[in-house]
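Structure, as structure tokens:
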Amino acid sequence: MLSYVKKKKWWLLVATVLLFWLISLPSPLFEDPLSSVLVDKNDQLLAAKIASDGQWRFPLPDSVPYRFEKAITTFEDKRFYYHPGVDPISMGRAVVQNIKAGKVISGGSTLTMQVIRLARKGKQRTIWEKLIEVWLATRLELSYSKKEILQLYAGHAPFGGNVVGLEAATWRFFGKKPTSLSWGEAATLAVLPNSPALIHPGRNRELLMAKRNRLLDDLLENEIIDSISWSLAKEEAIPPQPFALPRYAPHLLDRLSTDKDLRKAKIQTTLDRQLQIEVNTLAKRHYDHLSENEIHNLAIMVMDVETGEVMAYTGNIMDAGIEHGQSVDIIKAPRSSGSILKPILYAFMLDEGDLLPHSVVPDVPINYAGYSPENYSNTYDGLVSAQKAITRSLNVPLVRMLELHGLEKFHFELSQKMHFTTFNRSATYYGLPLILGGGEINLEEITNSYACMARTLIHFNRESSQYFKNDFRPPGYLRTTVKIENPSLGPKAEAPVLGAGAIWSAFEAMRQLERPDQMGNWEVFSNSRQIAWKTGTSFGFRDAWAVGVSKKYAVGIWVGNADGEGRPGLIGVHAAAPILFDVFDLLPNQSWFEQPYDDMIEIDVCAQSGDLATHLCPAKKEWVPAAGKRSNPCKRHTILHLDALAKYSVHAGCYPPENMKHLPWFILSPLEEHFYKTVDPGYKPIPPFKEGCHAVDPDRETMELIYPRKFTQIYVPKGFAGKQEHVIFKATHRKKEATIYWHIDQTYVGKTMDFHHLECAPPVGKHTLTLIDQDGHEIKQAFEIVEK
């Protein structure tokens, strides 16, 4: 009975010890804060942020490279793969060495025991602590494979200074990833954790080299490396002071590392490291030039059109300095759009059938309740085709186009269809200036919008004229290891955001842009690359934009100052477009987009108005988006009744009908004609009425006010002498020799001939301006003088 009790107590003790052994291993083993690490699609380091405890400690490697594995096991634990966490031979040898030396010179620790020591941080090296390490090392071997234990060691071993872990050490000391280590580099890193405070690449170089070479000798002796590898490895120099870790995409690292949906220390992105470096170098080169004009910030974004993946992300210039906002990620910052949205409006109008590509739009001075848009060149063409308005980025025609399309509709299309998050106020808040920079966008969304348009067009042409819901989607930043068949297609769309025909027509307009040069002449900006591109400049020269798209790539550029300071010369075509072209030069050239014939129709259009041709129009064939068949027919051609020589206008009351010529004529208003005849020498104005024939057509205007067009509050400053400055009133008349008599409030103030500009100084208050020509035609316009 007594023997049974003793045996039971013994087994109880054994069970207790076993249970304690089983639960003794902490979980998790390490709770150290990790550095945030950003890598590219090929796992190459782009940027990193130091851990919260001031250490460069990267996340655990997926695997330990072969060369480092062989080097570290040869140096630290030759029987690593054979012992259960404790190596009795090494322990015995360490005891003998310590007794002979009279002090502790060897601990006999296995790599498994070293992992435990690293996890228990800062513990005194006592016999008791060594026993704990032995205890926990055997327990660690039960739960972890040898491969996992080696990963734990490689991820937490100290390499000197504030460098912890193999990956951080590899990048700090050699500027490469662990899998690229040579035998000499692997051996150098293998000996560092043994005494990281004493041996460091920046000091004690002879001692470090001696230890490394002894390890290389062991590797040769154990036939792990051959004599050639051994010889080459010994020739390798010890690294100098640690390298600074790469900072190729610091703004993207800041952005993604704070994303609550990611919550991981290592973030693999879709970026291409080599392209990112080249884009950064290019950005720095342009910055050096721009900074001479006190322009300190720029951002660049490059996307793959098909996949939607971001290939390069330069959020700002890191050399700009803290005082110039170098840490601001411009790619996500809302900035005034300038005119960068114009082609999108044009595409939506084509898709709705509001107009055809060459439909003419008035380009004359206009006033909307005090808002008077002007073209950048301060000139007017009278009439201009919608496509030419995009090509030349004219402001006045685009405001008229927005009015025709509908402000509310365009606001909905931007915010709900194209998912611009920055248009978060009502349409009336932005008003018609929306198309000229009255709203804010960011570089990410404008670049992505053009990428989505290109993707839609490519898929339509390639996938049997079909549209897909995924064609319009946010850009992708994170690399996925899941292989998906046709990842960019997804389910089919019942109705596209924009039709392929409208997109292709918009890209055609963007294919070759024109801008006025310093002499006021239109200069064609061409590029050897097949890209559709658009620039934009915000009011006050605060933002310069350029966006371009090819069949493969979409590129967005922003240039300016993060604090919003405007600078002379900060113009999209001069500041941002050169960077755009340089970025495309880094990318493979592409062919042009195929024309989507299945979403286009060939119709007769008016050769002069660009609208659907009527029987009165000189017609020509033209491919237009399919919705074009719903557009309005030409209303600018009408039948004129002329004399036998077609020199004068006549009517039945003054000329025999049988002698009349009835000819179709391209009709412009007097104001349109005033500007149009200066840009089109071939324009034929309406013939004047023959002497004795007075105008009987009330719709045929003979004169028109240029300023003021509508009721306008005219703010008049005072001059140096305190006197009110003059106002210049402007009008135009179809007859070159016409005389106009000017009256203000029924008081005659003067007459003009040929050049109808009148300067006068009406008093503060409301007035009525009356114009009467020599034939008795009369127009009136109310206005108000407001003193500044």
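Residues are named by chain letter and number: chains run A, B, ... in the order of the structure tokens, numbers start at 1 in each chain, and ligands are numbered from 1 in the order shown.
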
Original post:
Which polymer residues have any atom within 10 Å of an atom of segment 579-594 of chain A, counting only C-alpha atoms, with same-chain residues fewer than 3 positions away left out, as a VMD selection string?
Top reply: chain A and resid 275 278 to 279 282 to 283 285 to 286 298 300 to 302 454 457 to 458 460 to 462 504 507 to 508 511 527 to 533 535 545 to 559 573 to 576 597

With N, CA and C atoms retained, write the just-selected residues as a compact mmCIF listing (two decimals), in the first residue's frame.
```txt
# COMPACT_ATOMS: atom_id res chain seq x y z
N LEU A 275 11.25 51.53 -61.59
CA LEU A 275 10.51 52.66 -62.15
C LEU A 275 10.35 53.76 -61.10
N GLU A 278 13.51 55.73 -60.92
CA GLU A 278 13.66 56.57 -62.11
C GLU A 278 12.72 57.77 -62.06
N VAL A 279 11.50 57.55 -61.62
CA VAL A 279 10.53 58.66 -61.51
C VAL A 279 10.99 59.66 -60.45
N LEU A 282 13.83 61.68 -61.90
CA LEU A 282 13.27 62.64 -62.86
C LEU A 282 12.60 63.81 -62.12
N ALA A 283 11.84 63.49 -61.08
CA ALA A 283 11.17 64.53 -60.30
C ALA A 283 12.18 65.48 -59.67
N ARG A 285 15.17 66.17 -60.75
CA ARG A 285 15.77 66.99 -61.79
C ARG A 285 14.88 68.18 -62.16
N HIS A 286 13.59 67.93 -62.27
CA HIS A 286 12.67 69.03 -62.58
C HIS A 286 12.53 69.97 -61.38
N LEU A 298 6.07 68.88 -56.07
CA LEU A 298 5.46 68.22 -57.22
C LEU A 298 5.17 66.79 -56.85
N ILE A 300 3.89 62.80 -58.66
CA ILE A 300 3.78 61.98 -59.87
C ILE A 300 3.12 60.66 -59.52
N MET A 301 2.20 60.23 -60.36
CA MET A 301 1.55 58.94 -60.17
C MET A 301 1.50 58.22 -61.51
N VAL A 302 1.90 56.94 -61.53
CA VAL A 302 1.89 56.13 -62.74
C VAL A 302 1.04 54.89 -62.48
N ALA A 454 -9.71 54.73 -70.36
CA ALA A 454 -8.90 53.94 -71.30
C ALA A 454 -9.21 52.45 -71.16
N LEU A 457 -12.42 51.56 -72.95
CA LEU A 457 -12.24 51.53 -74.40
C LEU A 457 -11.49 50.27 -74.84
N ILE A 458 -10.45 49.91 -74.10
CA ILE A 458 -9.66 48.72 -74.45
C ILE A 458 -10.51 47.47 -74.35
N PHE A 460 -13.77 47.20 -74.47
CA PHE A 460 -14.84 47.21 -75.48
C PHE A 460 -14.30 46.68 -76.80
N ASN A 461 -13.12 47.12 -77.19
CA ASN A 461 -12.54 46.68 -78.46
C ASN A 461 -12.09 45.23 -78.40
N ARG A 462 -11.64 44.77 -77.24
CA ARG A 462 -11.07 43.44 -77.14
C ARG A 462 -12.09 42.37 -76.79
N TRP A 504 -13.25 57.44 -77.07
CA TRP A 504 -12.29 57.52 -78.17
C TRP A 504 -12.28 58.93 -78.78
N PHE A 507 -10.39 61.20 -76.45
CA PHE A 507 -8.95 60.96 -76.54
C PHE A 507 -8.37 61.52 -77.83
N GLU A 508 -9.15 61.46 -78.91
CA GLU A 508 -8.69 62.05 -80.17
C GLU A 508 -8.47 63.56 -80.01
N ARG A 511 -5.32 64.18 -78.13
CA ARG A 511 -4.13 63.58 -78.72
C ARG A 511 -3.08 64.62 -79.09
N ASN A 527 4.00 65.16 -79.50
CA ASN A 527 4.93 64.27 -78.82
C ASN A 527 5.01 63.00 -79.64
N SER A 528 6.20 62.41 -79.67
CA SER A 528 6.37 61.19 -80.45
C SER A 528 5.56 60.04 -79.86
N ARG A 529 5.18 60.14 -78.59
CA ARG A 529 4.40 59.09 -77.94
C ARG A 529 2.93 59.20 -78.33
N GLN A 530 2.28 58.05 -78.45
CA GLN A 530 0.85 58.01 -78.77
C GLN A 530 0.07 58.10 -77.46
N ILE A 531 -0.15 59.33 -76.99
CA ILE A 531 -0.86 59.53 -75.72
C ILE A 531 -1.93 60.60 -75.88
N ALA A 532 -2.99 60.44 -75.11
CA ALA A 532 -3.99 61.50 -74.96
C ALA A 532 -3.63 62.24 -73.68
N TRP A 533 -3.55 63.55 -73.75
CA TRP A 533 -3.09 64.29 -72.58
C TRP A 533 -3.81 65.62 -72.44
N THR A 535 -3.69 69.36 -69.86
CA THR A 535 -3.08 70.14 -68.78
C THR A 535 -4.14 71.00 -68.11
N TRP A 545 -1.31 71.19 -63.62
CA TRP A 545 -1.67 69.78 -63.78
C TRP A 545 -1.27 69.28 -65.17
N ALA A 546 -1.02 67.99 -65.25
CA ALA A 546 -0.92 67.31 -66.54
C ALA A 546 -1.31 65.86 -66.31
N VAL A 547 -2.14 65.34 -67.18
CA VAL A 547 -2.52 63.93 -67.10
C VAL A 547 -2.47 63.38 -68.51
N GLY A 548 -1.95 62.16 -68.64
CA GLY A 548 -1.85 61.53 -69.95
C GLY A 548 -2.17 60.06 -69.85
N VAL A 549 -2.65 59.50 -70.96
CA VAL A 549 -3.02 58.09 -70.95
C VAL A 549 -2.71 57.48 -72.31
N SER A 550 -2.17 56.26 -72.26
CA SER A 550 -1.95 55.47 -73.46
C SER A 550 -2.70 54.15 -73.29
N LYS A 551 -2.51 53.23 -74.22
CA LYS A 551 -3.20 51.95 -74.10
C LYS A 551 -2.73 51.14 -72.88
N LYS A 552 -1.56 51.47 -72.37
CA LYS A 552 -0.99 50.68 -71.27
C LYS A 552 -0.85 51.45 -69.96
N TYR A 553 -0.62 52.76 -70.06
CA TYR A 553 -0.27 53.51 -68.85
C TYR A 553 -1.09 54.80 -68.72
N ALA A 554 -1.30 55.19 -67.47
CA ALA A 554 -1.88 56.49 -67.16
C ALA A 554 -0.92 57.19 -66.21
N VAL A 555 -0.65 58.47 -66.50
CA VAL A 555 0.32 59.23 -65.72
C VAL A 555 -0.32 60.55 -65.30
N GLY A 556 -0.17 60.90 -64.03
CA GLY A 556 -0.68 62.17 -63.53
C GLY A 556 0.44 62.98 -62.89
N ILE A 557 0.44 64.29 -63.14
CA ILE A 557 1.47 65.19 -62.61
C ILE A 557 0.79 66.39 -61.94
N TRP A 558 1.30 66.78 -60.79
CA TRP A 558 0.90 68.05 -60.17
C TRP A 558 2.16 68.80 -59.79
N VAL A 559 2.15 70.11 -60.03
CA VAL A 559 3.28 70.97 -59.67
C VAL A 559 2.73 72.21 -58.98
N VAL A 573 0.99 73.59 -68.99
CA VAL A 573 1.68 73.18 -70.21
C VAL A 573 3.18 73.41 -70.11
N HIS A 574 3.61 74.33 -69.25
CA HIS A 574 5.04 74.63 -69.13
C HIS A 574 5.68 73.98 -67.91
N ALA A 575 4.93 73.83 -66.82
CA ALA A 575 5.51 73.29 -65.58
C ALA A 575 5.26 71.80 -65.42
N ALA A 576 4.07 71.32 -65.82
CA ALA A 576 3.71 69.91 -65.58
C ALA A 576 3.86 69.03 -66.82
N TYR A 597 -15.72 50.95 -83.62
CA TYR A 597 -16.75 51.13 -84.65
C TYR A 597 -18.13 50.67 -84.18
```

**OP:** For segment 314-323 of chain A, work out the shell of residues within 6 Å, counting only C-alpha atoms and skipping chain neighbours fewer than 2 positions away, then give it as an MDAnalysis selection string.
**Re:** chainID A and resid 251 296:300 325:326 329:331

Subject >> Residues within 12 Å of Tyr655 of chain A, only C-alpha atoms, excluding chain neighbours under 2 positions, as a ChimeraX atom specification >> reply: /A:641-644,648-653,657-661,689-694

Would you save the residues from that selection as a short mmCIF file (atom, residue, chain, number, x, y, z; two decimals), in the first residue's frame, using C-alpha atoms?
```cif
data_model
loop_
_atom_site.label_atom_id
_atom_site.label_comp_id
_atom_site.auth_asym_id
_atom_site.auth_seq_id
_atom_site.Cartn_x
_atom_site.Cartn_y
_atom_site.Cartn_z
CA HIS A 641 -33.10 86.04 -100.62
CA LEU A 642 -30.52 87.88 -102.69
CA ASP A 643 -30.46 89.97 -105.81
CA ALA A 644 -29.48 88.52 -109.16
CA TYR A 648 -27.41 92.30 -101.62
CA SER A 649 -30.21 90.99 -99.45
CA VAL A 650 -33.68 91.78 -100.84
CA HIS A 651 -37.30 90.95 -100.27
CA ALA A 652 -40.48 90.88 -102.34
CA GLY A 653 -41.40 94.38 -101.27
CA PRO A 657 -39.15 87.68 -106.83
CA GLU A 658 -38.49 86.13 -110.23
CA ASN A 659 -35.04 87.75 -110.30
CA MET A 660 -34.04 86.67 -106.79
CA LYS A 661 -31.46 84.08 -105.90
CA PHE A 689 -29.83 94.98 -97.77
CA LYS A 690 -29.97 96.64 -101.15
CA GLU A 691 -30.57 100.36 -101.06
CA GLY A 692 -34.28 100.95 -100.79
CA CYS A 693 -34.84 97.56 -99.11
CA HIS A 694 -35.25 97.78 -95.35
#
```

**OP:** To one decimal in Å, tell me the separation between atom CA of Ile603 of chain A and atom CA of Glu352 of chain A.
**Re:**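 That distance, rounded to one decimal, is 16.6 Å.
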
Original post:
What's the 10 Å shell around Pro762 of chain A, counting only C-alpha atoms, without same-chain residues fewer than 5 positions away, as a ChimeraX atom specification?
Top reply: /A:716,724-727,744-745,749,767,784-785

Go ahead and save the residues from that selection, with N, CA, C and O atoms, as a short mmCIF file (atom, residue, chain, number, x, y, z; two decimals), in the first residue's frame.
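To be explicit, this is the file written out as part.cif:
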```
data_model
loop_
_atom_site.label_atom_id
_atom_site.label_comp_id
_atom_site.auth_asym_id
_atom_site.auth_seq_id
_atom_site.Cartn_x
_atom_site.Cartn_y
_atom_site.Cartn_z
N VAL A 716 -16.26 100.58 -60.60
CA VAL A 716 -15.38 101.60 -61.16
C VAL A 716 -14.52 102.19 -60.04
O VAL A 716 -15.05 102.80 -59.11
N GLN A 724 -13.59 109.51 -60.57
CA GLN A 724 -14.04 108.20 -61.03
C GLN A 724 -13.47 107.91 -62.41
O GLN A 724 -13.50 108.76 -63.31
N GLU A 725 -12.92 106.70 -62.59
CA GLU A 725 -12.36 106.34 -63.89
C GLU A 725 -13.47 106.03 -64.89
O GLU A 725 -14.62 105.83 -64.53
N HIS A 726 -13.11 106.01 -66.18
CA HIS A 726 -14.08 105.82 -67.25
C HIS A 726 -14.38 104.34 -67.48
O HIS A 726 -13.59 103.47 -67.14
N VAL A 727 -15.55 104.11 -68.09
CA VAL A 727 -15.96 102.78 -68.51
C VAL A 727 -15.94 102.75 -70.03
O VAL A 727 -16.32 103.73 -70.68
N ILE A 744 -27.23 107.37 -72.83
CA ILE A 744 -27.35 106.85 -71.47
C ILE A 744 -28.48 107.60 -70.79
O ILE A 744 -28.41 108.84 -70.65
N ASP A 745 -29.51 106.84 -70.41
CA ASP A 745 -30.69 107.44 -69.77
C ASP A 745 -31.27 108.55 -70.63
O ASP A 745 -31.57 109.67 -70.15
N VAL A 749 -24.62 110.67 -75.69
CA VAL A 749 -23.25 110.78 -75.16
C VAL A 749 -22.19 110.65 -76.25
O VAL A 749 -21.01 110.82 -75.98
N HIS A 767 -28.52 102.58 -64.67
CA HIS A 767 -28.67 103.33 -65.92
C HIS A 767 -29.18 102.41 -67.01
O HIS A 767 -29.19 101.19 -66.87
N GLU A 784 -25.43 98.92 -63.94
CA GLU A 784 -25.30 99.69 -62.69
C GLU A 784 -23.83 99.99 -62.43
O GLU A 784 -22.97 99.11 -62.56
N ILE A 785 -23.56 101.26 -62.09
CA ILE A 785 -22.20 101.66 -61.73
C ILE A 785 -22.07 101.59 -60.21
O ILE A 785 -22.86 102.18 -59.47
#
```

**OP:** Could you jot down the atom CA of Ile441 of chain A to atom CA of Pro334 of chain A separation for me, Å, one decimal place?
**Re:** 5.1 Å

**OP:** May I have the residues within 9 Å of Lys736 of chain A as a list in words, using only C-alpha atoms and disregarding those fewer than 3 positions away in the same chain?
**Re:** His733, Thr739, Met753, Asp754 and Phe755 of chain A

Subject >> Residue nearest Ala386 of chain A among A:Asp254, A:Asp363, A:Glu673, A:Asp259 (counting only C-alpha atoms) >> reply: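 The shortest atom-to-atom distance to Ala386 of chain A comes from A:Asp363.
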
**OP:** Might you pull out every residue within 9 Å of Glu69 of chain A, with only C-alpha atoms counted and same-chain residues fewer than 5 positions away left off, and present them as JSON, numbers by chain?
**Re:** {"A": [64, 74, 150, 186, 190]}

**OP:** Write out as a VMD selection string all residues of segment 375-580 of chain A that backbone DSSP assigns to strand (DSSP E or B).
**Re:** chain A and resid 382 to 385 440 to 441 468 476 478 492 513 to 516 522 to 525 532 to 537 543 to 549 553 to 560

I need the chosen residues saved as a short mmCIF file (atom, residue, chain, number, x, y, z; two decimals), in the first residue's frame, with N, CA, C and O atoms.
```cif
data_model
loop_
_atom_site.label_atom_id
_atom_site.label_comp_id
_atom_site.auth_asym_id
_atom_site.auth_seq_id
_atom_site.Cartn_x
_atom_site.Cartn_y
_atom_site.Cartn_z
N GLY A 382 -15.16 83.79 -81.88
CA GLY A 382 -16.53 83.93 -82.36
C GLY A 382 -17.26 82.60 -82.31
O GLY A 382 -18.26 82.44 -81.62
N LEU A 383 -16.78 81.65 -83.08
CA LEU A 383 -17.28 80.27 -83.06
C LEU A 383 -16.08 79.34 -83.07
O LEU A 383 -15.05 79.64 -83.70
N VAL A 384 -16.21 78.20 -82.40
CA VAL A 384 -15.14 77.22 -82.41
C VAL A 384 -15.77 75.84 -82.24
O VAL A 384 -16.79 75.69 -81.56
N SER A 385 -15.20 74.83 -82.88
CA SER A 385 -15.75 73.49 -82.72
C SER A 385 -15.49 72.99 -81.30
O SER A 385 -14.52 73.39 -80.65
N GLU A 440 -12.43 71.18 -56.38
CA GLU A 440 -11.15 70.57 -56.08
C GLU A 440 -11.14 69.09 -56.46
O GLU A 440 -12.17 68.41 -56.39
N ILE A 441 -9.98 68.63 -56.88
CA ILE A 441 -9.76 67.23 -57.17
C ILE A 441 -8.44 66.83 -56.51
O ILE A 441 -7.74 67.67 -55.95
N PHE A 468 -17.89 46.39 -68.71
CA PHE A 468 -17.77 45.65 -67.46
C PHE A 468 -17.83 46.61 -66.27
O PHE A 468 -17.34 47.74 -66.34
N GLY A 476 -5.35 50.25 -57.53
CA GLY A 476 -4.87 49.21 -56.62
C GLY A 476 -3.44 49.47 -56.19
O GLY A 476 -2.57 49.80 -57.01
N LEU A 478 -2.03 47.27 -53.43
CA LEU A 478 -1.54 46.10 -52.73
C LEU A 478 -1.38 44.91 -53.67
O LEU A 478 -2.27 44.60 -54.45
N LYS A 492 -20.44 41.86 -66.23
CA LYS A 492 -20.75 42.82 -67.29
C LYS A 492 -21.62 43.94 -66.76
O LYS A 492 -22.37 43.77 -65.80
N LEU A 513 -2.56 68.78 -78.47
CA LEU A 513 -3.07 70.01 -77.88
C LEU A 513 -2.38 71.22 -78.48
O LEU A 513 -1.26 71.15 -78.98
N GLU A 514 -3.09 72.35 -78.39
CA GLU A 514 -2.55 73.62 -78.85
C GLU A 514 -2.61 74.62 -77.72
O GLU A 514 -3.55 74.63 -76.94
N ARG A 515 -1.60 75.46 -77.62
CA ARG A 515 -1.58 76.53 -76.63
C ARG A 515 -1.02 77.79 -77.28
O ARG A 515 -0.17 77.71 -78.18
N PRO A 516 -1.44 78.98 -76.84
CA PRO A 516 -0.88 80.20 -77.41
C PRO A 516 0.56 80.39 -76.96
O PRO A 516 0.89 80.20 -75.80
N TRP A 522 -1.08 80.23 -82.08
CA TRP A 522 -1.36 78.90 -81.54
C TRP A 522 -0.22 77.97 -81.90
O TRP A 522 0.13 77.80 -83.05
N GLU A 523 0.35 77.36 -80.86
CA GLU A 523 1.48 76.46 -81.02
C GLU A 523 1.01 75.03 -80.76
O GLU A 523 0.37 74.76 -79.75
N VAL A 524 1.34 74.13 -81.68
CA VAL A 524 0.95 72.73 -81.54
C VAL A 524 1.97 72.01 -80.68
O VAL A 524 3.16 72.03 -80.97
N PHE A 525 1.48 71.40 -79.59
CA PHE A 525 2.35 70.61 -78.72
C PHE A 525 2.20 69.15 -79.10
O PHE A 525 1.20 68.51 -78.78
N ALA A 532 -2.99 60.44 -75.11
CA ALA A 532 -3.99 61.50 -74.96
C ALA A 532 -3.63 62.24 -73.68
O ALA A 532 -3.43 61.62 -72.64
N TRP A 533 -3.55 63.55 -73.75
CA TRP A 533 -3.09 64.29 -72.58
C TRP A 533 -3.81 65.62 -72.44
O TRP A 533 -4.36 66.17 -73.39
N LYS A 534 -3.82 66.11 -71.22
CA LYS A 534 -4.50 67.37 -70.91
C LYS A 534 -3.76 68.06 -69.78
O LYS A 534 -3.25 67.40 -68.87
N THR A 535 -3.69 69.36 -69.86
CA THR A 535 -3.08 70.14 -68.78
C THR A 535 -4.14 71.00 -68.11
O THR A 535 -5.26 71.14 -68.61
N GLY A 536 -3.78 71.58 -67.00
CA GLY A 536 -4.69 72.48 -66.28
C GLY A 536 -3.90 73.44 -65.43
O GLY A 536 -2.81 73.11 -64.93
N THR A 537 -4.45 74.62 -65.26
CA THR A 537 -3.82 75.65 -64.43
C THR A 537 -4.90 76.30 -63.59
O THR A 537 -5.92 76.74 -64.12
N ASP A 543 -1.74 75.93 -59.09
CA ASP A 543 -1.67 74.50 -59.39
C ASP A 543 -1.44 74.31 -60.88
O ASP A 543 -2.14 74.91 -61.70
N ALA A 544 -0.47 73.48 -61.21
CA ALA A 544 -0.23 73.11 -62.60
C ALA A 544 -0.44 71.60 -62.70
O ALA A 544 0.19 70.82 -61.97
N TRP A 545 -1.31 71.19 -63.62
CA TRP A 545 -1.67 69.78 -63.78
C TRP A 545 -1.27 69.28 -65.17
O TRP A 545 -1.24 70.05 -66.13
N ALA A 546 -1.02 67.99 -65.25
CA ALA A 546 -0.92 67.31 -66.54
C ALA A 546 -1.31 65.86 -66.31
O ALA A 546 -0.86 65.24 -65.34
N VAL A 547 -2.14 65.34 -67.18
CA VAL A 547 -2.52 63.93 -67.10
C VAL A 547 -2.47 63.38 -68.51
O VAL A 547 -2.83 64.05 -69.48
N GLY A 548 -1.95 62.16 -68.64
CA GLY A 548 -1.85 61.53 -69.95
C GLY A 548 -2.17 60.06 -69.85
O GLY A 548 -1.98 59.43 -68.81
N VAL A 549 -2.65 59.50 -70.96
CA VAL A 549 -3.02 58.09 -70.95
C VAL A 549 -2.71 57.48 -72.31
O VAL A 549 -2.90 58.10 -73.36
N TYR A 553 -0.62 52.76 -70.06
CA TYR A 553 -0.27 53.51 -68.85
C TYR A 553 -1.09 54.80 -68.72
O TYR A 553 -1.48 55.41 -69.72
N ALA A 554 -1.30 55.19 -67.47
CA ALA A 554 -1.88 56.49 -67.16
C ALA A 554 -0.92 57.19 -66.21
O ALA A 554 -0.44 56.60 -65.23
N VAL A 555 -0.65 58.47 -66.50
CA VAL A 555 0.32 59.23 -65.72
C VAL A 555 -0.32 60.55 -65.30
O VAL A 555 -0.94 61.24 -66.12
N GLY A 556 -0.17 60.90 -64.03
CA GLY A 556 -0.68 62.17 -63.53
C GLY A 556 0.44 62.98 -62.89
O GLY A 556 1.30 62.43 -62.19
N ILE A 557 0.44 64.29 -63.14
CA ILE A 557 1.47 65.19 -62.61
C ILE A 557 0.79 66.39 -61.94
O ILE A 557 -0.17 66.95 -62.48
N TRP A 558 1.30 66.78 -60.79
CA TRP A 558 0.90 68.05 -60.17
C TRP A 558 2.16 68.80 -59.79
O TRP A 558 3.12 68.21 -59.27
N VAL A 559 2.15 70.11 -60.03
CA VAL A 559 3.28 70.97 -59.67
C VAL A 559 2.73 72.21 -58.98
O VAL A 559 1.71 72.77 -59.41
N GLY A 560 3.36 72.65 -57.92
CA GLY A 560 2.93 73.86 -57.22
C GLY A 560 3.61 73.98 -55.88
O GLY A 560 4.69 73.43 -55.66
#
```

**OP:** Find the spatial neighbours of segment 353-355 of chain A, counting only C-alpha atoms, within a cut-off of 10 Å - ignore same-chain residues fewer than 4 positions away - and output them as a PyMOL selection string.
**Re:** chain A and resi 346-349+359-361+386+401+404-405+502+610-612+624-633

Original post:
Which is closest to Leu570 of chain A among A:Ile295, A:Leu38, A:Leu216, A:Leu616, if we use only C-alpha atoms?
Top reply: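 So, comparing all the options, the nearest one is A:Ile295.
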
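Comparing A:Ala265, A:Leu166, A:Thr112, A:Leu118 by their smallest distance to Ile50 of chain A, the closest is A:Ala265 (using only C-alpha atoms).
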
**OP:** Name the residues of segment 563-733 of chain A that come out as alpha helix (DSSP H) in a backbone DSSP run; write them as a VMD selection string.
**Re:** chain A and resid 577 to 585 670 to 679

Original post:
At what distance in Å, to one decimal, does atom CA of Lys342 of chain A lie from atom CA of Glu408 of chain A?
Top reply: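 Value for the atom CA of Glu408 of chain A-atom CA of Lys342 of chain A distance: 15.8 Å.
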